[in-house]
$ cat data-v4.cif   # mmCIF, C-alpha atoms and all ligand atoms
data_input
#
loop_
_atom_site.label_atom_id
_atom_site.label_comp_id
_atom_site.auth_asym_id
_atom_site.auth_seq_id
_atom_site.Cartn_x
_atom_site.Cartn_y
_atom_site.Cartn_z
CA MET F 1 -52.72 20.10 28.04
CA SER F 2 -53.24 23.84 28.45
CA PHE F 3 -50.36 26.18 29.11
CA SER F 4 -49.51 27.15 32.69
CA ILE F 5 -46.94 29.70 33.81
CA ASP F 6 -45.66 26.96 36.12
CA GLN F 7 -44.08 25.38 33.06
CA PHE F 8 -41.27 27.91 33.49
CA ARG F 9 -40.60 26.71 37.02
CA LEU F 10 -38.01 24.10 38.01
CA PRO F 11 -39.05 22.51 41.31
CA GLY F 12 -37.17 19.31 42.02
CA LYS F 13 -34.71 19.88 39.14
CA VAL F 14 -30.94 19.89 39.56
CA ALA F 15 -28.84 22.28 37.47
CA ILE F 16 -25.08 22.60 37.00
CA VAL F 17 -23.78 26.00 35.88
CA THR F 18 -20.11 26.07 34.89
CA GLY F 19 -18.11 29.28 35.04
CA ALA F 20 -20.43 30.65 37.72
CA GLY F 21 -17.85 31.71 40.28
CA GLY F 22 -15.06 33.63 38.63
CA ARG F 23 -15.55 37.37 38.67
CA GLY F 24 -17.99 39.20 40.95
CA ASN F 25 -20.76 40.18 38.54
CA SER F 26 -20.69 37.36 36.02
CA ILE F 27 -23.22 35.86 33.64
CA GLY F 28 -22.77 32.48 35.32
CA ARG F 29 -23.73 34.02 38.67
CA ALA F 30 -26.91 35.50 37.13
CA TYR F 31 -27.72 32.11 35.58
CA ALA F 32 -27.16 30.26 38.87
CA MET F 33 -29.29 32.75 40.85
CA GLY F 34 -32.04 32.66 38.21
CA LEU F 35 -32.22 28.87 38.14
CA ALA F 36 -32.33 28.80 41.94
CA ARG F 37 -35.15 31.38 41.99
CA ALA F 38 -37.06 29.16 39.57
CA GLY F 39 -36.81 26.36 42.13
CA ALA F 40 -33.83 24.30 40.95
CA ALA F 41 -31.07 23.03 43.21
CA VAL F 42 -27.95 24.57 41.68
CA VAL F 43 -24.40 23.27 41.47
CA VAL F 44 -22.20 26.35 41.18
CA ALA F 45 -19.03 25.22 39.40
CA ASP F 46 -15.89 27.11 38.48
CA ILE F 47 -12.15 26.67 38.22
CA HIS F 48 -12.12 29.30 40.99
CA ALA F 49 -13.58 27.19 43.80
CA GLN F 50 -13.70 30.10 46.27
CA GLY F 51 -15.68 32.29 43.85
CA ALA F 52 -18.10 29.40 43.28
CA LYS F 53 -18.56 29.11 47.04
CA THR F 54 -19.34 32.83 47.33
CA VAL F 55 -22.14 32.56 44.73
CA CYS F 56 -23.40 29.37 46.37
CA ASP F 57 -23.57 31.15 49.76
CA GLU F 58 -25.52 34.01 48.12
CA ILE F 59 -28.10 31.57 46.73
CA ILE F 60 -28.51 29.83 50.09
CA ALA F 61 -28.80 33.20 51.89
CA ALA F 62 -31.61 34.11 49.46
CA GLY F 63 -33.46 30.90 50.39
CA GLY F 64 -32.32 28.74 47.47
CA LYS F 65 -30.66 25.35 47.31
CA ALA F 66 -27.05 25.18 46.12
CA ILE F 67 -23.69 23.54 46.45
CA SER F 68 -20.36 24.66 45.03
CA VAL F 69 -17.56 22.71 43.43
CA GLY F 70 -14.19 23.52 41.91
CA VAL F 71 -13.91 22.12 38.38
CA ASP F 72 -11.53 22.30 35.46
CA ILE F 73 -13.85 21.55 32.53
CA THR F 74 -10.91 20.56 30.32
CA LYS F 75 -10.33 17.47 32.48
CA PRO F 76 -12.79 14.55 32.26
CA ASP F 77 -11.92 13.40 35.81
CA SER F 78 -12.69 16.84 37.18
CA ALA F 79 -16.02 17.00 35.29
CA ALA F 80 -16.89 13.53 36.59
CA HIS F 81 -16.14 14.73 40.12
CA MET F 82 -18.46 17.75 39.57
CA VAL F 83 -21.29 15.44 38.49
CA GLY F 84 -20.54 13.16 41.47
CA VAL F 85 -20.89 16.13 43.84
CA ALA F 86 -24.22 17.03 42.20
CA THR F 87 -25.48 13.47 42.44
CA ASP F 88 -24.39 13.00 46.06
CA ALA F 89 -26.00 16.30 47.10
CA PHE F 90 -29.17 16.31 45.01
CA GLY F 91 -29.60 12.85 43.43
CA GLY F 92 -28.68 13.53 39.80
CA VAL F 93 -28.49 16.22 37.11
CA ASP F 94 -31.35 17.50 34.91
CA ILE F 95 -29.79 20.66 33.49
CA LEU F 96 -26.27 21.53 32.36
CA VAL F 97 -25.38 25.11 31.49
CA ASN F 98 -22.03 25.16 29.68
CA ASN F 99 -21.15 28.77 30.47
CA ALA F 100 -17.44 28.58 31.39
CA ALA F 101 -15.09 29.98 28.78
CA LEU F 102 -11.96 31.96 28.12
CA MET F 103 -12.99 35.38 26.78
CA VAL F 104 -11.27 38.57 28.00
CA GLU F 105 -7.95 36.81 28.23
CA VAL F 106 -8.04 35.55 24.63
CA VAL F 107 -9.83 38.09 22.40
CA ALA F 108 -6.64 39.79 21.24
CA HIS F 109 -5.21 36.71 19.53
CA GLN F 110 -4.72 36.98 15.76
CA ALA F 111 -5.46 33.82 13.77
CA ALA F 112 -2.48 34.49 11.52
CA SER F 113 0.00 34.44 14.37
CA ILE F 114 -1.52 32.61 17.35
CA SER F 115 0.65 29.76 18.61
CA ILE F 116 -0.87 26.31 18.19
CA GLU F 117 -0.48 25.93 21.94
CA ASP F 118 -2.73 28.97 22.58
CA TRP F 119 -5.18 27.88 19.86
CA ASN F 120 -5.51 24.46 21.49
CA ARG F 121 -5.88 25.99 24.94
CA ILE F 122 -8.79 28.19 23.81
CA LEU F 123 -10.55 25.31 22.05
CA SER F 124 -9.91 22.98 24.98
CA VAL F 125 -11.93 25.25 27.29
CA ASN F 126 -14.51 26.86 24.97
CA LEU F 127 -15.33 23.80 22.85
CA THR F 128 -13.92 20.57 24.26
CA GLY F 129 -14.74 21.62 27.84
CA ALA F 130 -18.43 21.83 26.91
CA LEU F 131 -18.25 18.37 25.33
CA ILE F 132 -16.50 16.93 28.39
CA CYS F 133 -19.21 18.31 30.71
CA ALA F 134 -21.97 17.07 28.38
CA GLN F 135 -20.41 13.60 28.30
CA ALA F 136 -20.25 13.63 32.10
CA VAL F 137 -23.99 14.36 32.53
CA ILE F 138 -25.54 12.47 29.60
CA PRO F 139 -25.59 8.96 31.16
CA GLY F 140 -27.41 10.30 34.23
CA MET F 141 -29.84 12.31 32.08
CA ARG F 142 -30.61 9.18 30.08
CA ALA F 143 -31.30 7.29 33.30
CA ARG F 144 -33.67 10.08 34.44
CA GLY F 145 -35.55 10.04 31.12
CA GLY F 146 -34.23 13.31 29.68
CA GLY F 147 -32.50 16.59 30.39
CA LYS F 148 -31.55 20.02 29.11
CA ILE F 149 -28.16 21.24 27.97
CA VAL F 150 -27.59 24.91 27.19
CA ASN F 151 -24.34 26.08 25.62
CA GLN F 152 -23.22 29.69 25.95
CA LEU F 153 -22.26 31.04 22.54
CA SER F 154 -21.61 34.68 21.70
CA GLY F 155 -22.72 37.30 19.20
CA GLY F 156 -19.02 37.22 18.32
CA ALA F 157 -19.62 33.92 16.50
CA PHE F 158 -22.07 35.41 13.99
CA PRO F 159 -19.95 35.83 11.95
CA ALA F 160 -16.75 34.63 13.62
CA MET F 161 -14.13 37.37 13.30
CA SER F 162 -11.75 36.31 16.06
CA VAL F 163 -10.22 33.12 17.42
CA TYR F 164 -12.68 33.44 20.32
CA GLY F 165 -15.49 33.68 17.73
CA VAL F 166 -14.22 30.52 16.03
CA SER F 167 -14.42 28.66 19.35
CA LYS F 168 -18.02 29.82 19.89
CA LEU F 169 -19.07 29.03 16.32
CA ALA F 170 -17.64 25.54 16.79
CA LEU F 171 -19.70 25.27 19.98
CA TYR F 172 -22.77 26.04 17.86
CA GLY F 173 -21.84 23.01 15.73
CA LEU F 174 -21.57 20.90 18.87
CA THR F 175 -25.00 22.20 19.94
CA THR F 176 -26.78 21.11 16.76
CA THR F 177 -24.89 17.80 16.66
CA LEU F 178 -25.77 16.86 20.24
CA ALA F 179 -29.35 18.04 19.67
CA ARG F 180 -29.70 15.76 16.65
CA GLN F 181 -28.10 12.77 18.37
CA LEU F 182 -29.75 13.11 21.80
CA GLY F 183 -33.24 14.24 20.72
CA PRO F 184 -34.68 10.72 20.69
CA GLU F 185 -33.62 10.43 24.35
CA ARG F 186 -35.48 13.60 25.31
CA ILE F 187 -32.30 15.56 25.97
CA ASN F 188 -32.76 19.07 24.56
CA VAL F 189 -29.57 20.88 23.51
CA ASN F 190 -29.78 24.59 22.75
CA ALA F 191 -27.67 27.72 22.95
CA ILE F 192 -27.81 31.35 23.96
CA ALA F 193 -25.77 33.93 22.04
CA PRO F 194 -25.50 37.07 24.17
CA GLY F 195 -24.54 40.44 22.82
CA ASN F 196 -22.24 42.79 24.70
CA THR F 197 -23.13 41.98 28.31
CA MET F 198 -22.07 44.11 31.27
CA SER F 199 -20.57 41.43 33.45
CA ASP F 200 -17.28 42.46 35.05
CA ALA F 201 -15.52 40.66 32.19
CA GLY F 202 -17.72 42.37 29.58
CA ARG F 203 -16.94 45.80 31.05
CA GLN F 204 -13.24 45.02 30.97
CA LEU F 205 -13.52 43.94 27.33
CA THR F 206 -15.47 46.95 26.12
CA PRO F 207 -15.24 49.98 28.43
CA ASP F 208 -17.87 52.72 27.94
CA ASP F 209 -15.55 54.82 25.81
CA SER F 210 -14.52 51.93 23.56
CA PRO F 211 -14.64 52.87 19.83
CA PHE F 212 -16.20 49.46 19.19
CA ILE F 213 -19.18 50.39 21.38
CA LYS F 214 -19.57 53.73 19.58
CA PHE F 215 -19.59 51.86 16.28
CA LEU F 216 -22.17 49.38 17.55
CA GLU F 217 -24.43 52.09 18.94
CA ALA F 218 -24.77 53.43 15.43
CA SER F 219 -25.70 50.08 13.92
CA VAL F 220 -27.48 47.78 16.38
CA ALA F 221 -31.28 47.58 16.05
CA MET F 222 -32.32 48.21 19.62
CA ARG F 223 -29.66 48.48 22.33
CA VAL F 224 -25.99 47.55 22.29
CA ARG F 225 -25.41 46.61 25.90
CA GLY F 226 -27.31 44.31 28.20
CA GLU F 227 -27.06 43.15 31.79
CA PRO F 228 -26.41 39.53 32.88
CA ASP F 229 -29.95 39.34 34.33
CA GLU F 230 -31.40 40.07 30.88
CA LEU F 231 -30.16 36.67 29.69
CA VAL F 232 -31.93 34.71 32.41
CA GLY F 233 -35.39 34.63 30.79
CA ALA F 234 -34.04 32.87 27.70
CA LEU F 235 -32.18 30.41 29.93
CA LEU F 236 -35.33 29.55 31.89
CA LEU F 237 -37.23 28.93 28.65
CA LEU F 238 -34.54 26.51 27.45
CA CYS F 239 -34.18 24.73 30.83
CA SER F 240 -37.84 24.35 31.77
CA PRO F 241 -40.80 22.29 30.52
CA ALA F 242 -41.90 25.47 28.66
CA GLY F 243 -39.08 24.67 26.21
CA ASP F 244 -39.64 20.94 25.84
CA TRP F 245 -40.19 21.17 22.08
CA ILE F 246 -37.16 23.37 21.38
CA THR F 247 -33.87 21.76 20.43
CA GLY F 248 -30.84 22.63 18.30
CA GLN F 249 -31.63 26.35 18.46
CA VAL F 250 -29.71 29.52 19.26
CA ILE F 251 -31.52 32.34 21.03
CA HIS F 252 -29.81 35.63 20.28
CA VAL F 253 -30.25 37.84 23.33
CA ASP F 254 -28.52 40.91 22.02
CA GLY F 255 -30.80 43.89 21.34
CA GLY F 256 -30.48 43.22 17.62
CA TRP F 257 -26.71 42.77 17.29
CA ILE F 258 -27.36 39.92 14.87
CA LEU F 259 -29.30 42.34 12.60
CA ARG F 260 -26.52 44.88 12.26
CA PRO F 261 -25.61 45.78 8.68
N1 LIG W 301 -19.78 39.38 28.77
C1 LIG W 301 -20.07 39.37 27.50
O1 LIG W 301 -20.18 40.43 26.85
C2 LIG W 301 -20.32 38.05 26.78
C3 LIG W 301 -20.90 38.11 25.50
C4 LIG W 301 -21.15 36.91 24.83
C5 LIG W 301 -20.84 35.71 25.43
N2 LIG W 301 -20.27 35.69 26.67
C6 LIG W 301 -19.99 34.37 27.26
O2 LIG W 301 -20.67 34.26 28.49
C7 LIG W 301 -19.95 33.40 29.38
C8 LIG W 301 -19.70 34.10 30.70
O3 LIG W 301 -19.04 35.32 30.46
P1 LIG W 301 -18.74 36.41 31.59
O4 LIG W 301 -18.84 37.72 30.93
O5 LIG W 301 -19.52 36.14 32.81
O6 LIG W 301 -17.17 36.15 31.81
P2 LIG W 301 -16.34 35.47 32.99
O7 LIG W 301 -14.93 35.50 32.53
O8 LIG W 301 -16.69 36.14 34.27
O9 LIG W 301 -16.88 33.97 33.02
C9 LIG W 301 -16.15 32.87 32.54
C10 LIG W 301 -15.96 31.90 33.68
O10 LIG W 301 -15.39 30.67 33.19
C11 LIG W 301 -14.49 30.21 34.18
N3 LIG W 301 -13.54 29.27 33.59
C12 LIG W 301 -12.55 29.54 32.70
N4 LIG W 301 -11.86 28.41 32.42
C13 LIG W 301 -12.44 27.41 33.12
C14 LIG W 301 -12.18 26.02 33.25
N5 LIG W 301 -11.18 25.44 32.57
N6 LIG W 301 -12.96 25.27 34.06
C15 LIG W 301 -13.97 25.86 34.76
N7 LIG W 301 -14.26 27.18 34.69
C16 LIG W 301 -13.50 27.94 33.88
C17 LIG W 301 -13.82 31.46 34.71
O11 LIG W 301 -13.22 31.27 35.97
C18 LIG W 301 -15.00 32.44 34.76
O12 LIG W 301 -15.66 32.37 36.02
C19 LIG W 301 -18.69 32.98 28.61
O13 LIG W 301 -18.97 31.77 27.93
C20 LIG W 301 -18.53 34.10 27.59
O14 LIG W 301 -17.80 33.66 26.46
C21 LIG W 301 -20.01 36.83 27.36
#

$ encode --input "data-v4.cif" --output "structure tokens" --more "lines below"
Ligand SMILES: NC(=O)c1ccc[n+]([C@@H]2O[C@H](COP(=O)([O-])OP(=O)(O)OC[C@H]3O[C@@H](n4cnc5c(N)ncnc54)[C@H](O)[C@@H]3O)[C@@H](O)[C@H]2O)c1
Amino acid sequence: MSFSIDQFRLPGKVAIVTGAGGRGNSIGRAYAMGLARAGAAVVVADIHAQGAKTVCDEIIAAGGKAISVGVDITKPDSAAHMVGVATDAFGGVDILVNNAALMVEVVAHQAASISIEDWNRILSVNLTGALICAQAVIPGMRARGGGKIVNQLSGGAFPAMSVYGVSKLALYGLTTTLARQLGPERINVNAIAPGNTMSDAGRQLTPDDSPFIKFLEASVAMRVRGEPDELVGALLLLCSPAGDWITGQVIHVDGGWILRP
């Protein structure tokens, strides 16, 4: 079979994006819009149901197909409800993007002093939440003959130097484990590790005058900061037939953050 650019397109596919409705300019919103533009019907899911509806309305206004749902990814019943909404609206799920996470609100925690309650809360969203959503979609993907799962990691996991980084590095382990175990069933499981991305949350985390940004500007290979839309190309590769032979991988979309000395 020769290559066609259409292999990046997603007509007839159904995609869930978690964490797509929280803040105005979010990575999840860019992912949901990008998948819709590629032809997928998108389930915009977030713990903030109203924010999810706003993004859903934007997709529909732009001519795409979408539905929104409120979900708490830490709760299996809630994830099952999300998958039920997707199935009722569009007939099943082909793509799961595990993008929801706690980030801005948790980066300050010190491993030496964090309460076990806070530690568990972070892992329950950033790691276990992704597993819960994967478990909710896998039976349906099996029945459809395959699927794609993409987990949202972070440059902050390579190496992990924060509790947040630990949660994202653990999610990398879940990515390779699911990839190994689900490969024979044609379910691809991959990850994207963004660098410092100028979503509203990213801006809050690292304002322009942040000393951390100044430090990075002196050391990153290409460009320190990226926009949410700059992550979408990697997502489409991992979600589309163009990426059928890719599994268990991390794509670092970060202007060379991973190459810093
Ligand atoms: N912005 C960056 O610089 C950057 C860099 C690397 C990785 N990331 C990752 O990208 C993803 C999106 O980041 P963002 O910058 O758009 O931040 P964001 O805070 O806008 O997005 C996170 C979303 O997850 C949702 N969420 C939190 N807990 C949830 C739960 N229990 N159930 C359902 N939804 C829940 C939030 O409501 C929010 O909409 C996150 O996984 C983040 O860790 C961001």

$ residues_near_ligand --input "data-v4.cif" --ligand "ligand LIG 301 (chain W)" --cutoff "6 Å" --atoms "only C-alpha atoms and all ligand atoms" --output "ChimeraX atom specification"
/F:18-23,26-28,46-48,71-74,99-103,125,152-155,194-199,201-202

$ residues_around --input "data-v4.cif" --residues "Ile95 of chain F" --least-positions-apart "3" --cutoff "7 Å" --atoms "all atoms listed in the file" --output "list in words"
Val14, Ala15, Ile16, Gly147, Lys148, Ile149 and Cys239 of chain F

$ residues_around --input "data-v4.cif" --residues "segment 171-176 of chain F" --least-positions-apart "4" --cutoff "7 Å" --atoms "only C-alpha atoms" --output "list in words"
Leu127, Asn151, Leu153, Ser167, Arg180, Val189, Asn190, Ala191 and Gly248 of chain F

$ atom_distance --input "data-v4.cif" --atom1 "atom CA of Ala221 of chain F" --atom2 "atom CA of Gly34 of chain F"
26.7 Å

$ atom_distance --input "data-v4.cif" --atom1 "atom CA of Leu10 of chain F" --atom2 "atom CA of Leu35 of chain F"
7.5 Å

$ closest_residue --input "data-v4.cif" --among "F:Leu96, F:Gly140, F:Tyr31, F:Arg223" --to "Gly84 of chain F" --atoms "all atoms listed in the file"
F:Gly140

$ closest_residue --input "data-v4.cif" --among "F:Phe215, F:Trp245, F:Trp119, F:Tyr164" --to "Val107 of chain F" --atoms "all atoms listed in the file"
F:Tyr164

$ atom_distance --input "data-v4.cif" --atom1 "atom CA of Lys13 of chain F" --atom2 "atom CA of Thr128 of chain F"
25.6 Å

$ residues_near_point --input "data-v4.cif" --point "(-44.3, 22.9, 26.3)" --cutoff "10 Å" --atoms "only C-alpha atoms" --output "list in words"
Met1, Ser2, Phe3, Ser4, Gln7, Phe8, Leu237, Ser240, Pro241, Ala242, Gly243, Asp244, Trp245 and Ile246 of chain F

$ closest_residue --input "data-v4.cif" --among "F:Ala136, F:Ala30, F:Ala130, F:Ala38" --to "Pro76 of chain F" --atoms "all atoms listed in the file"
F:Ala136
